[in-house]
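Worksheet: the structure to be examined is printed underneath.
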Amino acid sequence: MKGMDLSRAYCERYAASLFAGSLEGLRQRCALGLVGPGSECLGFDDQISRDHDFGPGFCIWLEPADFAAFGAELQRRYDELPREFMGYRRVSTPLSGKRTGVFDADEFRMRYTGLASAPSSSKEWLFIPQQLLAEFTAGEIFSDPAGVMARRRAPYLAFYPQAVLQKKVAAELAGMAQAGQYNLPRCVRRHDLVAANAARAEFITSLMVVMHLISGVYMPFYKWSFRSLKERAAAPAALVDSIGYLASAPVDSMPQELVESLCSLVAQVVRRLGWAQTDDDFLLTVAMEICRGIPDAYLASLPVDAGSYR
């Protein structure tokens, strides 16, 4: 059974009991669902996932005033719910933190965005870690009659403003150029295979980020980045296969032409978007042209690599 289905079934079975009696009116003012880290929120969980931070549970989000007044009692009731359901028992690890239970909706948003409200500037947008936005916008809201979470997630579900998106793509193109077109072949020529593998990994990461960005999808934690590229960003099969080969081939015998062909492909995509016109496939050149065309004085003033995924 998939984790999201388990969470939804658990919520449907026990949510009503949480709001019985004195908390009955609270049900219409809160949101229920499962959002945050964990493979189940991306739909990627499998048998292997069940050995940690997996099992029945769901989130309850309250407005700050309701959380202050009723949060402790609601959490007490939640803690008394059965830990085992449909043959699954919640397995938590020390590093997981609190993933289910009762939350102040503002504090929950702050955890992922660092902001008390929706971003009001390109600067605020630029520096929210992308993998945290992937977590905040993943998962499922089961019930939200008052829009508690809908209001808070809507700006992020709409994805980046155009200028911020262009700046982030430019930053990753610069990273691809540095790691794949410049440092990777130099490291191979020096027979420094550790550095060459590090450069290759940096190149692949930046490439996957670019493909996520132009698909309007936040790239998640590195463990799920390649699967997300295939299933959420819907990257072309040929590109996915090329990345798979690039990652698995011996780095000292890997054809540099493959790196260059991937860079050329990305440059073509950027040209089709109208963000650059240069015929040069060296991606730093493409990135610099994108930056010169960004209609935002703050973003245009930043170093080309500002706003990268890392």
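Convention: chains lettered A, B, ... in structure tokens order; per-chain residue numbering from 1; ligands numbered from 1 as shown.
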Discussion item. Which residues are near Gly21 (chain A)? Cut-off 12 Å, only C-alpha atoms, ignore same chain within fewer than 4 positions. Put them as a ChimeraX atom specification.
Written reply: /A:16-17,25-27,73-74,77
Worksheet item: Near Trp61 (chain A), within 12 Å and counting only C-alpha atoms, which residues show up once chain neighbours fewer than 6 positions away are dropped, as a ChimeraX atom specification?
Response: /A:26-35,67-68,70-71,74-75,99-109,141-150,152
Saved selection, atoms kept: N, CA and C atoms, as a short mmCIF file (atom, residue, chain, number, x, y, z; two decimals), in the first residue's frame:
data_model
loop_
_atom_site.label_atom_id
_atom_site.label_comp_id
_atom_site.auth_asym_id
_atom_site.auth_seq_id
_atom_site.Cartn_x
_atom_site.Cartn_y
_atom_site.Cartn_z
N LEU A 26 -13.95 23.21 15.44
CA LEU A 26 -12.61 23.41 14.89
C LEU A 26 -12.43 22.70 13.55
N ARG A 27 -13.20 21.65 13.33
CA ARG A 27 -13.03 20.83 12.13
C ARG A 27 -13.16 21.66 10.85
N GLN A 28 -14.07 22.62 10.85
CA GLN A 28 -14.29 23.43 9.66
C GLN A 28 -13.28 24.57 9.51
N ARG A 29 -12.41 24.73 10.50
CA ARG A 29 -11.42 25.82 10.44
C ARG A 29 -10.00 25.30 10.27
N CYS A 30 -9.84 24.00 10.03
CA CYS A 30 -8.49 23.44 9.92
C CYS A 30 -8.34 22.72 8.58
N ALA A 31 -7.11 22.34 8.29
CA ALA A 31 -6.82 21.54 7.10
C ALA A 31 -6.22 20.21 7.53
N LEU A 32 -6.53 19.17 6.78
CA LEU A 32 -6.00 17.84 7.03
C LEU A 32 -5.30 17.35 5.77
N GLY A 33 -4.20 16.64 5.95
CA GLY A 33 -3.50 16.11 4.79
C GLY A 33 -2.15 15.56 5.17
N LEU A 34 -1.30 15.41 4.18
CA LEU A 34 0.08 14.96 4.41
C LEU A 34 0.97 15.72 3.44
N VAL A 35 1.82 16.57 3.99
CA VAL A 35 2.73 17.41 3.21
C VAL A 35 4.08 17.41 3.90
N PHE A 67 -4.36 27.41 16.96
CA PHE A 67 -3.28 26.57 17.47
C PHE A 67 -2.96 26.94 18.91
N ALA A 68 -2.91 28.23 19.20
CA ALA A 68 -2.63 28.67 20.57
C ALA A 68 -3.70 28.22 21.53
N PHE A 70 -6.15 25.69 20.99
CA PHE A 70 -6.58 24.29 20.96
C PHE A 70 -5.49 23.30 20.55
N GLY A 71 -4.33 23.79 20.15
CA GLY A 71 -3.31 22.91 19.62
C GLY A 71 -2.86 21.83 20.57
N LEU A 74 -5.59 19.14 20.95
CA LEU A 74 -5.73 18.37 19.73
C LEU A 74 -4.54 17.42 19.54
N GLN A 75 -3.35 17.90 19.88
CA GLN A 75 -2.17 17.03 19.79
C GLN A 75 -2.27 15.88 20.78
N ARG A 99 6.78 15.03 11.67
CA ARG A 99 6.24 15.03 10.31
C ARG A 99 4.72 14.96 10.28
N THR A 100 4.11 14.48 11.34
CA THR A 100 2.65 14.38 11.39
C THR A 100 2.17 14.94 12.72
N GLY A 101 0.87 15.12 12.84
CA GLY A 101 0.30 15.68 14.05
C GLY A 101 -0.21 17.08 13.81
N VAL A 102 -0.23 17.88 14.86
CA VAL A 102 -0.86 19.21 14.83
C VAL A 102 0.19 20.29 14.61
N PHE A 103 -0.09 21.21 13.69
CA PHE A 103 0.85 22.27 13.36
C PHE A 103 0.16 23.63 13.29
N ASP A 104 0.88 24.66 13.71
CA ASP A 104 0.52 26.04 13.41
C ASP A 104 0.82 26.23 11.92
N ALA A 105 -0.17 26.60 11.13
CA ALA A 105 0.02 26.69 9.68
C ALA A 105 1.08 27.71 9.30
N ASP A 106 1.18 28.81 10.04
CA ASP A 106 2.22 29.80 9.74
C ASP A 106 3.61 29.26 10.04
N GLU A 107 3.75 28.57 11.16
CA GLU A 107 5.05 28.00 11.51
C GLU A 107 5.43 26.90 10.53
N PHE A 108 4.46 26.14 10.06
CA PHE A 108 4.73 25.09 9.08
C PHE A 108 5.26 25.70 7.79
N ARG A 109 4.64 26.76 7.33
CA ARG A 109 5.13 27.45 6.13
C ARG A 109 6.53 28.00 6.37
N ILE A 141 -3.58 17.54 0.23
CA ILE A 141 -4.50 18.10 1.22
C ILE A 141 -5.80 17.32 1.10
N PHE A 142 -6.18 16.65 2.18
CA PHE A 142 -7.40 15.83 2.15
C PHE A 142 -8.66 16.67 2.37
N SER A 143 -8.54 17.66 3.23
CA SER A 143 -9.70 18.49 3.58
C SER A 143 -9.20 19.87 4.01
N ASP A 144 -9.83 20.91 3.48
CA ASP A 144 -9.41 22.27 3.82
C ASP A 144 -10.55 23.24 3.55
N PRO A 145 -11.65 23.10 4.28
CA PRO A 145 -12.84 23.92 3.98
C PRO A 145 -12.61 25.41 4.14
N ALA A 146 -11.69 25.82 5.00
CA ALA A 146 -11.45 27.24 5.22
C ALA A 146 -10.25 27.77 4.43
N GLY A 147 -9.60 26.90 3.66
CA GLY A 147 -8.46 27.33 2.86
C GLY A 147 -7.20 27.61 3.65
N VAL A 148 -7.06 26.98 4.81
CA VAL A 148 -5.91 27.23 5.68
C VAL A 148 -4.59 26.96 4.95
N MET A 149 -4.48 25.81 4.31
CA MET A 149 -3.26 25.48 3.58
C MET A 149 -3.32 25.93 2.12
N ALA A 150 -4.51 25.96 1.56
CA ALA A 150 -4.63 26.38 0.16
C ALA A 150 -4.06 27.78 -0.03
N ARG A 152 -1.82 29.31 1.79
CA ARG A 152 -0.39 29.36 2.06
C ARG A 152 0.44 28.66 0.98
#
Worksheet item: Out of A:Ala300, A:Ala170, A:Leu115, A:Ala154, which residue has the shortest atom-to-atom distance to Ile214 (chain A) when counting only C-alpha atoms?
Response: A:Ala170
Discussion item. Excluding Ala297 (chain A) and its own-chain neighbours fewer than 6 positions away, which residues fall within 12 Å of it when counting only C-alpha atoms? Please give them as number ranges by chain.
Written reply: A: 121-123, 163-164, 167, 291
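Across the structure, CA of Pro37 (chain A) and CA of Ser308 (chain A) are spaced 20.7 Å apart.
Nearest-residue note for Val210 (chain A): choosing from A:Tyr309, A:Tyr78, A:Tyr160, A:Tyr88, the minimum distance belongs to A:Tyr309, counting only C-alpha atoms.
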Worksheet item: What is the distance between CA of Met219 (chain A) and CA of Phe136 (chain A), in Å to one decimal?
Response: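 These two atoms are separated by 11.8 Å.
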Worksheet item: Using only C-alpha atoms, which residue out of A:Thr285, A:Gln277, A:Ser242, A:Ser225 lies closest to Ser261 (chain A)?
Response: A:Ser242
Worksheet item: Among region 137-262 of chain A, which residues carry a DSSP assignment of strand (DSSP E or B), reported as a list in words?
Response: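 The strand (DSSP E or B) subset of region 137-262 of chain A is Glu140, Ile141, Phe142 and Ser143 of chain A.
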Could those residues be written to a file, using C-alpha atoms, as a CSV table (one decimal), in the first residue's frame?
chain,number,residue,atom,x,y,z
A,140,GLU,CA,-1.9,16.0,-0.6
A,141,ILE,CA,-4.5,18.1,1.2
A,142,PHE,CA,-7.4,15.8,2.2
A,143,SER,CA,-9.7,18.5,3.6
